[in-house]
file structure_19.cif (mmCIF, C-alpha atoms and all ligand atoms)
data_work
#
loop_
_atom_site.label_atom_id
_atom_site.label_comp_id
_atom_site.auth_asym_id
_atom_site.auth_seq_id
_atom_site.Cartn_x
_atom_site.Cartn_y
_atom_site.Cartn_z
CA MET L 139 -16.58 -7.65 88.70
CA SER L 140 -12.88 -7.89 88.07
CA ASP L 141 -11.92 -6.52 91.52
CA THR L 142 -12.99 -9.79 93.11
CA LYS L 143 -10.59 -11.65 90.87
CA ARG L 144 -6.87 -12.20 91.07
CA LYS L 145 -4.63 -9.15 91.10
CA ILE L 146 -2.10 -8.81 88.34
CA ILE L 147 0.82 -6.60 87.37
CA ILE L 148 0.18 -4.10 84.61
CA ALA L 149 3.35 -2.77 83.00
CA VAL L 150 2.95 0.51 81.12
CA ASP L 151 6.09 1.30 79.13
CA GLY L 152 6.71 3.71 76.30
CA PHE L 153 8.07 7.03 75.18
CA SER L 154 8.25 10.12 77.36
CA SER L 155 5.34 12.57 77.41
CA CYS L 156 2.81 10.31 75.77
CA GLY L 157 0.46 10.42 78.73
CA LYS L 158 1.70 7.20 80.35
CA SER L 159 1.36 8.49 83.90
CA THR L 160 -2.09 10.00 83.41
CA PHE L 161 -3.26 6.80 81.79
CA ALA L 162 -1.60 4.47 84.32
CA LYS L 163 -2.99 6.52 87.21
CA ALA L 164 -6.52 6.36 85.76
CA ILE L 165 -6.30 2.60 85.27
CA ALA L 166 -5.04 2.09 88.83
CA ALA L 167 -7.89 4.20 90.25
CA ARG L 168 -10.42 2.28 88.19
CA LEU L 169 -9.12 -1.12 89.32
CA GLY L 170 -8.23 -0.19 92.91
CA TYR L 171 -4.57 -0.97 92.16
CA ILE L 172 -1.47 0.88 93.38
CA PHE L 173 0.05 3.21 90.81
CA ILE L 174 3.85 3.49 90.72
CA ASP L 175 5.52 6.14 88.58
CA THR L 176 9.06 4.80 88.15
CA GLY L 177 10.14 7.84 86.11
CA ALA L 178 9.59 9.90 89.27
CA MET L 179 12.17 7.71 91.02
CA TYR L 180 14.82 8.39 88.33
CA ARG L 181 13.88 12.07 88.48
CA ALA L 182 14.24 12.10 92.28
CA VAL L 183 17.78 10.69 92.06
CA THR L 184 18.59 13.28 89.37
CA LEU L 185 17.29 16.11 91.53
CA TYR L 186 19.35 14.90 94.47
CA ALA L 187 22.45 14.70 92.25
CA LEU L 188 21.82 18.26 90.99
CA GLU L 189 21.45 19.54 94.55
CA HIS L 190 24.55 17.73 95.81
CA GLY L 191 27.13 18.68 93.21
CA ALA L 192 27.15 15.43 91.20
CA ILE L 193 25.83 17.32 88.15
CA ARG L 194 27.44 20.65 87.31
CA SER L 195 26.53 22.80 84.31
CA GLY L 196 24.55 19.90 82.89
CA ILE L 197 27.53 17.49 83.09
CA VAL L 198 26.67 14.30 84.95
CA ASP L 199 29.54 12.83 87.01
CA GLU L 200 28.46 9.19 86.97
CA GLU L 201 30.77 8.06 89.77
CA ALA L 202 29.66 10.92 91.98
CA VAL L 203 25.99 10.06 91.35
CA ALA L 204 26.63 6.39 92.16
CA GLY L 205 28.46 7.50 95.31
CA LEU L 206 25.40 9.41 96.53
CA LEU L 207 22.97 6.51 96.17
CA ASP L 208 23.36 5.16 99.70
CA GLU L 209 22.16 8.45 101.12
CA VAL L 210 19.05 8.66 98.94
CA ALA L 211 15.96 7.12 100.56
CA ILE L 212 12.95 7.28 98.27
CA THR L 213 9.46 6.85 99.69
CA PHE L 214 5.92 7.35 98.41
CA ARG L 215 2.93 8.62 100.37
CA PHE L 216 -0.61 8.62 99.02
CA ASN L 217 -2.02 12.11 98.44
CA PRO L 218 -5.83 11.89 98.25
CA SER L 219 -6.17 15.28 96.55
CA ARG L 220 -4.10 14.01 93.58
CA GLY L 221 -5.41 10.48 93.73
CA ALA L 222 -1.81 9.29 93.52
CA SER L 223 1.29 8.98 95.66
CA ASP L 224 3.71 11.84 96.15
CA ILE L 225 7.41 11.10 96.12
CA TYR L 226 9.74 11.99 99.00
CA VAL L 227 13.54 11.97 99.21
CA ASN L 228 14.87 11.56 102.74
CA GLY L 229 11.47 12.68 104.01
CA ASP L 230 11.29 15.84 101.85
CA LEU L 231 8.41 16.18 99.41
CA VAL L 232 9.98 16.60 95.94
CA GLU L 233 6.95 15.97 93.72
CA GLY L 234 6.96 19.53 92.29
CA LYS L 235 10.74 19.88 92.00
CA ILE L 236 11.34 16.76 89.90
CA ARG L 237 9.32 17.92 86.88
CA THR L 238 11.45 20.91 85.86
CA ILE L 239 13.28 21.15 82.53
CA GLU L 240 16.66 21.06 84.41
CA VAL L 241 15.82 17.62 85.77
CA SER L 242 14.35 16.48 82.42
CA ASN L 243 17.55 17.47 80.63
CA CYS L 244 19.77 15.26 82.85
CA VAL L 245 17.50 12.36 83.78
CA SER L 246 18.26 10.16 80.75
CA GLN L 247 21.96 10.25 81.58
CA VAL L 248 21.36 9.52 85.25
CA SER L 249 19.01 6.66 84.43
CA ALA L 250 21.72 5.07 82.27
CA ILE L 251 24.05 4.60 85.27
CA PRO L 252 24.08 0.87 86.16
CA ASP L 253 24.16 1.38 89.96
CA VAL L 254 21.17 3.73 89.74
CA ARG L 255 19.16 1.17 87.77
CA ARG L 256 20.16 -1.68 90.07
CA LYS L 257 18.94 0.19 93.13
CA LEU L 258 15.68 1.45 91.63
CA VAL L 259 14.77 -1.81 89.86
CA ALA L 260 15.19 -3.71 93.15
CA MET L 261 12.89 -1.20 94.89
CA GLN L 262 10.30 -1.51 92.12
CA GLN L 263 10.33 -5.31 92.28
CA GLU L 264 9.76 -5.14 96.03
CA MET L 265 6.87 -2.68 95.59
CA GLY L 266 5.16 -5.00 93.10
CA ARG L 267 5.76 -8.20 95.03
CA ARG L 268 2.12 -8.52 96.13
CA ARG L 269 0.86 -7.63 92.64
CA GLY L 270 -2.17 -5.35 92.16
CA VAL L 271 0.06 -2.59 90.75
CA VAL L 272 0.16 -0.48 87.64
CA MET L 273 3.78 0.46 87.07
CA ASP L 274 4.74 3.02 84.51
CA GLY L 275 8.25 3.35 83.05
CA ARG L 276 10.53 2.20 80.25
CA ASP L 277 11.71 -1.27 81.22
CA ILE L 278 8.87 -2.61 83.37
CA GLY L 279 7.69 -5.28 80.93
CA THR L 280 11.22 -6.18 79.84
CA VAL L 281 13.36 -6.05 83.01
CA VAL L 282 11.46 -5.21 86.21
CA PHE L 283 8.50 -7.56 85.69
CA PRO L 284 9.09 -9.70 82.59
CA ASP L 285 6.29 -11.91 83.98
CA ALA L 286 3.70 -9.09 84.13
CA GLU L 287 0.32 -10.44 83.04
CA LEU L 288 -0.51 -7.33 81.00
CA LYS L 289 2.09 -5.24 79.19
CA LEU L 290 1.25 -2.07 77.35
CA PHE L 291 3.63 -0.10 75.17
CA MET L 292 2.48 3.48 74.70
CA THR L 293 3.51 5.75 71.90
CA ALA L 294 2.36 8.97 70.20
CA ASP L 295 3.66 11.32 67.56
CA PRO L 296 6.67 13.37 68.94
CA ALA L 297 5.07 16.68 67.94
CA VAL L 298 1.85 15.74 69.75
CA ARG L 299 3.86 14.71 72.80
CA ALA L 300 5.86 17.96 72.81
CA ARG L 301 2.65 20.01 72.64
CA ARG L 302 1.15 18.09 75.58
CA ARG L 303 4.26 18.55 77.73
CA TYR L 304 4.46 22.24 76.73
CA ASP L 305 0.82 22.82 77.76
CA GLU L 306 1.42 21.03 81.05
CA LEU L 307 4.55 23.05 81.94
CA THR L 308 3.22 26.45 80.87
CA ALA L 309 0.01 25.79 82.85
CA LYS L 310 2.29 25.43 85.88
CA GLY L 311 3.88 28.79 85.05
CA GLN L 312 7.22 27.45 83.76
CA GLN L 313 8.95 29.58 81.11
CA VAL L 314 9.66 27.21 78.22
CA THR L 315 9.37 27.23 74.44
CA LEU L 316 7.69 24.58 72.30
CA ASP L 317 10.95 24.14 70.33
CA GLU L 318 12.96 23.49 73.46
CA ILE L 319 10.41 20.91 74.63
CA GLU L 320 10.28 19.13 71.27
CA ARG L 321 14.08 18.95 71.23
CA ASN L 322 14.07 17.48 74.74
CA VAL L 323 11.38 14.90 73.80
CA ARG L 324 13.34 13.75 70.74
CA GLU L 325 16.67 13.69 72.57
CA ARG L 326 15.20 11.64 75.39
CA ASP L 327 13.64 9.17 72.93
CA ALA L 328 17.04 8.65 71.32
CA ALA L 329 18.90 8.41 74.64
CA ASP L 330 16.33 6.06 76.22
CA MET L 331 16.39 3.72 73.20
CA SER L 332 20.14 3.63 72.72
CA ARG L 333 21.49 3.24 76.25
CA ALA L 334 23.44 0.05 76.90
CA ILE L 335 21.56 -1.03 80.00
CA SER L 336 17.79 -1.66 79.89
CA PRO L 337 17.09 0.40 76.77
CA LEU L 338 13.52 1.39 76.02
CA ARG L 339 12.10 -1.33 73.82
CA GLN L 340 8.78 -2.98 73.36
CA ALA L 341 8.52 -6.37 75.07
CA ASP L 342 7.66 -9.13 72.57
CA ASP L 343 4.38 -9.77 74.35
CA ALA L 344 3.39 -6.10 74.83
CA ILE L 345 0.29 -4.57 73.29
CA VAL L 346 0.91 -1.25 71.51
CA LEU L 347 -1.29 1.74 72.27
CA ASP L 348 -0.74 4.74 69.99
CA ASN L 349 -2.77 7.52 71.55
CA SER L 350 -1.85 10.39 69.17
CA ARG L 351 -5.49 10.77 68.25
CA MET L 352 -7.29 9.19 71.21
CA THR L 353 -9.03 10.89 74.11
CA VAL L 354 -8.47 9.72 77.66
CA ASP L 355 -11.99 8.20 77.66
CA GLU L 356 -11.29 6.26 74.46
CA GLN L 357 -8.06 4.93 75.94
CA MET L 358 -9.89 3.83 79.08
CA GLU L 359 -12.58 2.04 77.07
CA TRP L 360 -9.93 0.26 75.04
CA PHE L 361 -8.05 -0.67 78.19
CA MET L 362 -11.06 -2.11 80.04
CA ARG L 363 -11.84 -4.37 77.09
CA THR L 364 -8.24 -5.59 76.97
CA PHE L 365 -8.01 -6.03 80.75
CA THR L 366 -11.26 -8.02 80.94
CA GLU L 367 -10.08 -10.38 78.20
CA ILE L 368 -6.87 -11.07 80.11
CA ILE L 369 -8.38 -11.43 83.55
CA ASP L 370 -11.15 -13.73 82.26
CA LYS L 371 -8.64 -16.07 80.64
O1 LIG L 401 8.53 8.96 82.59
P1 LIG L 401 9.45 10.16 82.80
O2 LIG L 401 9.57 11.05 81.59
O3 LIG L 401 9.13 10.92 84.05
O4 LIG L 401 10.88 9.48 83.03
C1 LIG L 401 12.03 10.24 83.26
C2 LIG L 401 13.26 9.55 82.71
O5 LIG L 401 13.57 8.41 83.49
C3 LIG L 401 13.20 9.11 81.26
O6 LIG L 401 14.00 9.94 80.45
C4 LIG L 401 13.77 7.71 81.24
C5 LIG L 401 13.99 7.34 82.65
N1 LIG L 401 13.27 6.14 83.05
C6 LIG L 401 13.92 4.94 82.91
O7 LIG L 401 15.03 4.90 82.41
N2 LIG L 401 13.33 3.80 83.33
C7 LIG L 401 12.10 3.83 83.87
N3 LIG L 401 11.54 2.69 84.29
C8 LIG L 401 11.41 5.05 84.00
C9 LIG L 401 12.02 6.19 83.57
#
call {"tool": "encode", "arguments": {"input": "structure_19.cif", "output": "structure tokens"}}
result
Amino acid sequence: MSDTKRKIIIAVDGFSSCGKSTFAKAIAARLGYIFIDTGAMYRAVTLYALEHGAIRSGIVDEEAVAGLLDEVAITFRFNPSRGASDIYVNGDLVEGKIRTIEVSNCVSQVSAIPDVRRKLVAMQQEMGRRRGVVMDGRDIGTVVFPDAELKLFMTADPAVRARRRYDELTAKGQQVTLDEIERNVRERDAADMSRAISPLRQADDAIVLDNSRMTVDEQMEWFMRTFTEIIDK
């Protein structure tokens, strides 16, 4: 019923590894909306910086990263087998390479660089111009689309989030420990909330979804009720 109605912007913000992308992707598929994973864009810039000498031994050279931005062209292409878009940098598919622990360890620092945010926020605003998008990130409801019709703020217990990320990475064959992942989750929470520019914070008009003890189906049921209330207004 709702797909014949007006299209809106759904902002899904929140902590890392709390299932934002899985949830946002499922919502988008259900509504026939475009799903945009903005974390993947910050990860793609981080990967490019790692591969082009702007990050050495885990030290991020902010000026060098900013200096690379003009040569980084990010594009998305829908991949039907995933039911979501894959991300490309200068035409190269980087979807698999951006989810490593090396990228995760540097991405908070890269995403705190003002020039990086300026460039990616402008791209995100352009991608959502025609509405009908579910955008997942940290600052979508506060900075990218403060006028989004529906804002969700997702959270879950850090230990639950670390376990989920650990299961995901080990299933892909990556050699990681649960301790290392939990440390990374907590460090990223702190870094994302304390950075000077666009820190992670709940928009005043966001609805909180704590999914520590919810299944994906329960989250979807909850979401459809909330969405219908908003779209019927
Ligand atoms: O969602 P994710 O874990 O893939 O995001 C990777 C990093 O990018 C995360 O540490 C914070 C940053 N990020 C951001 O600063 N703003 C966004 N809109 C999305 C992600």
call {"tool": "residues_around", "arguments": {"input": "structure_19.cif", "residues": "Lys163 in chain L", "least_positions_apart": "5", "cutoff": "9 Å", "atoms": "all atoms listed in the file", "output": "number ranges by chain"}}
result
L: 158, 168, 172-175, 221-222, 272, 274
call {"tool": "axis_aligned_box", "arguments": {"input": "structure_19.cif", "around": "ligand LIG 401 (chain L)", "padding_each_side": "8 Å", "output": "AutoDock Vina command-line options"}}
result
--center_x 11.8 --center_y 6.9 --center_z 82.4 --size_x 22.5 --size_y 24.4 --size_z 19.8
call {"tool": "residues_around", "arguments": {"input": "structure_19.cif", "residues": "range 268-270 of chain L", "least_positions_apart": "2", "cutoff": "6 Å", "atoms": "all atoms listed in the file", "output": "PDB file with C-alpha atoms, in the coordinates of the input"}}
result
ATOM      1  CA  LYS L 145      -4.630  -9.150  91.100  1.00  0.00           C
ATOM      2  CA  ILE L 146      -2.100  -8.810  88.340  1.00  0.00           C
ATOM      3  CA  ILE L 147       0.820  -6.600  87.370  1.00  0.00           C
ATOM      4  CA  TYR L 171      -4.570  -0.970  92.160  1.00  0.00           C
ATOM      5  CA  GLY L 266       5.160  -5.000  93.100  1.00  0.00           C
TER       6      GLY L 266
END
call {"tool": "residues_near_ligand", "arguments": {"input": "structure_19.cif", "ligand": "ligand LIG 401 (chain L)", "cutoff": "7 Å", "atoms": "only C-alpha atoms and all ligand atoms", "output": "PyMOL selection string"}}
result
chain L and resi 154-155+176-178+180-181+242+245-246+249-250+274-278+326+330
call {"tool": "write_last_selection", "arguments": {"input": "structure_19.cif", "atoms": "C-alpha atoms", "output": "short mmCIF file (atom, residue, chain, number, x, y, z; two decimals), in the coordinates of the input"}}
result
data_model
loop_
_atom_site.label_atom_id
_atom_site.label_comp_id
_atom_site.auth_asym_id
_atom_site.auth_seq_id
_atom_site.Cartn_x
_atom_site.Cartn_y
_atom_site.Cartn_z
CA SER L 154 8.25 10.12 77.36
CA SER L 155 5.34 12.57 77.41
CA THR L 176 9.06 4.80 88.15
CA GLY L 177 10.14 7.84 86.11
CA ALA L 178 9.59 9.90 89.27
CA TYR L 180 14.82 8.39 88.33
CA ARG L 181 13.88 12.07 88.48
CA SER L 242 14.35 16.48 82.42
CA VAL L 245 17.50 12.36 83.78
CA SER L 246 18.26 10.16 80.75
CA SER L 249 19.01 6.66 84.43
CA ALA L 250 21.72 5.07 82.27
CA ASP L 274 4.74 3.02 84.51
CA GLY L 275 8.25 3.35 83.05
CA ARG L 276 10.53 2.20 80.25
CA ASP L 277 11.71 -1.27 81.22
CA ILE L 278 8.87 -2.61 83.37
CA ARG L 326 15.20 11.64 75.39
CA ASP L 330 16.33 6.06 76.22
#
call {"tool": "residues_near_point", "arguments": {"input": "structure_19.cif", "point": "(24.7, 3.8, 89.3)", "cutoff": "9 Å", "atoms": "all atoms listed in the file", "output": "PyMOL selection string"}}
result
chain L and resi 200-201+203-205+207+248-257
call {"tool": "closest_residue", "arguments": {"input": "structure_19.cif", "among": "L:Leu307, L:Cys244, L:Leu290, L:Ile225", "to": "Arg194 in chain L", "atoms": "only C-alpha atoms"}}
result
L:Cys244
call {"tool": "decode", "arguments": {"input": "structure_19.cif", "residues": "range 238-267 of chain L", "atoms": "N, CA, C and O atoms", "output": "compact mmCIF listing (two decimals), in the first residue's frame"}}
result
# COMPACT_ATOMS: atom_id res chain seq x y z
N THR L 238 38.08 -4.86 6.10
CA THR L 238 39.14 -5.50 6.89
C THR L 238 39.38 -4.73 8.19
O THR L 238 38.99 -3.55 8.31
N ILE L 239 40.06 -5.38 9.13
CA ILE L 239 40.35 -4.72 10.42
C ILE L 239 41.32 -3.54 10.22
O ILE L 239 41.24 -2.55 10.93
N GLU L 240 42.20 -3.61 9.21
CA GLU L 240 43.14 -2.50 8.94
C GLU L 240 42.34 -1.23 8.61
O GLU L 240 42.62 -0.15 9.11
N VAL L 241 41.35 -1.39 7.75
CA VAL L 241 40.52 -0.23 7.39
C VAL L 241 39.71 0.21 8.62
O VAL L 241 39.67 1.40 8.95
N SER L 242 39.12 -0.75 9.34
CA SER L 242 38.31 -0.39 10.52
C SER L 242 39.13 0.39 11.54
O SER L 242 38.62 1.31 12.18
N ASN L 243 40.40 0.03 11.68
CA ASN L 243 41.23 0.70 12.69
C ASN L 243 41.54 2.16 12.34
O ASN L 243 41.88 2.93 13.22
N CYS L 244 41.48 2.53 11.08
CA CYS L 244 41.85 3.91 10.68
C CYS L 244 40.66 4.76 10.26
O CYS L 244 40.78 5.98 10.13
N VAL L 245 39.49 4.12 10.05
CA VAL L 245 38.40 4.85 9.41
C VAL L 245 37.82 5.98 10.28
O VAL L 245 37.42 7.02 9.75
N SER L 246 37.85 5.82 11.61
CA SER L 246 37.30 6.91 12.44
C SER L 246 38.13 8.17 12.27
O SER L 246 37.59 9.28 12.19
N GLN L 247 39.46 7.98 12.21
CA GLN L 247 40.34 9.14 12.05
C GLN L 247 40.14 9.80 10.69
O GLN L 247 40.11 11.02 10.58
N VAL L 248 40.02 8.98 9.66
CA VAL L 248 39.83 9.53 8.32
C VAL L 248 38.49 10.26 8.24
O VAL L 248 38.38 11.34 7.66
N SER L 249 37.47 9.69 8.89
CA SER L 249 36.15 10.31 8.77
C SER L 249 36.04 11.58 9.61
O SER L 249 35.05 12.29 9.53
N ALA L 250 37.06 11.87 10.41
CA ALA L 250 37.05 13.12 11.19
C ALA L 250 37.70 14.27 10.42
O ALA L 250 37.72 15.40 10.90
N ILE L 251 38.24 14.00 9.23
CA ILE L 251 38.92 15.05 8.46
C ILE L 251 37.85 15.91 7.74
O ILE L 251 37.05 15.38 6.97
N PRO L 252 37.82 17.23 8.02
CA PRO L 252 36.75 18.07 7.47
C PRO L 252 36.57 17.96 5.96
O PRO L 252 35.44 17.86 5.48
N ASP L 253 37.67 17.96 5.19
CA ASP L 253 37.53 17.89 3.72
C ASP L 253 36.90 16.57 3.28
O ASP L 253 36.16 16.53 2.30
N VAL L 254 37.20 15.51 4.00
CA VAL L 254 36.62 14.20 3.66
C VAL L 254 35.11 14.27 3.87
O VAL L 254 34.31 13.90 3.02
N ARG L 255 34.69 14.81 5.01
CA ARG L 255 33.26 14.89 5.31
C ARG L 255 32.54 15.80 4.31
O ARG L 255 31.46 15.49 3.85
N ARG L 256 33.18 16.93 4.00
CA ARG L 256 32.54 17.86 3.06
C ARG L 256 32.23 17.15 1.74
O ARG L 256 31.14 17.23 1.21
N LYS L 257 33.23 16.43 1.24
CA LYS L 257 33.06 15.79 -0.06
C LYS L 257 31.98 14.69 0.01
O LYS L 257 31.10 14.61 -0.84
N LEU L 258 32.06 13.86 1.04
CA LEU L 258 31.13 12.73 1.08
C LEU L 258 29.71 13.17 1.43
O LEU L 258 28.74 12.64 0.88
N VAL L 259 29.58 14.16 2.30
CA VAL L 259 28.23 14.65 2.64
C VAL L 259 27.56 15.24 1.39
O VAL L 259 26.38 14.97 1.12
N ALA L 260 28.32 15.98 0.59
CA ALA L 260 27.74 16.56 -0.64
C ALA L 260 27.28 15.45 -1.58
O ALA L 260 26.19 15.53 -2.17
N MET L 261 28.07 14.41 -1.70
CA MET L 261 27.68 13.27 -2.56
C MET L 261 26.40 12.62 -2.04
O MET L 261 25.50 12.26 -2.80
N GLN L 262 26.33 12.46 -0.72
CA GLN L 262 25.16 11.79 -0.11
C GLN L 262 23.90 12.62 -0.32
O GLN L 262 22.82 12.09 -0.63
N GLN L 263 24.04 13.95 -0.19
CA GLN L 263 22.87 14.82 -0.38
C GLN L 263 22.37 14.72 -1.82
O GLN L 263 21.18 14.69 -2.08
N GLU L 264 23.31 14.63 -2.75
CA GLU L 264 22.94 14.51 -4.16
C GLU L 264 22.23 13.16 -4.40
O GLU L 264 21.22 13.10 -5.09
N MET L 265 22.74 12.10 -3.78
CA MET L 265 22.14 10.78 -3.99
C MET L 265 20.71 10.68 -3.42
O MET L 265 19.91 9.90 -3.88
N GLY L 266 20.43 11.51 -2.42
CA GLY L 266 19.11 11.44 -1.78
C GLY L 266 18.15 12.50 -2.28
O GLY L 266 17.04 12.63 -1.76
N ARG L 267 18.60 13.27 -3.27
CA ARG L 267 17.82 14.43 -3.72
C ARG L 267 16.40 14.05 -4.12
O ARG L 267 15.45 14.78 -3.87
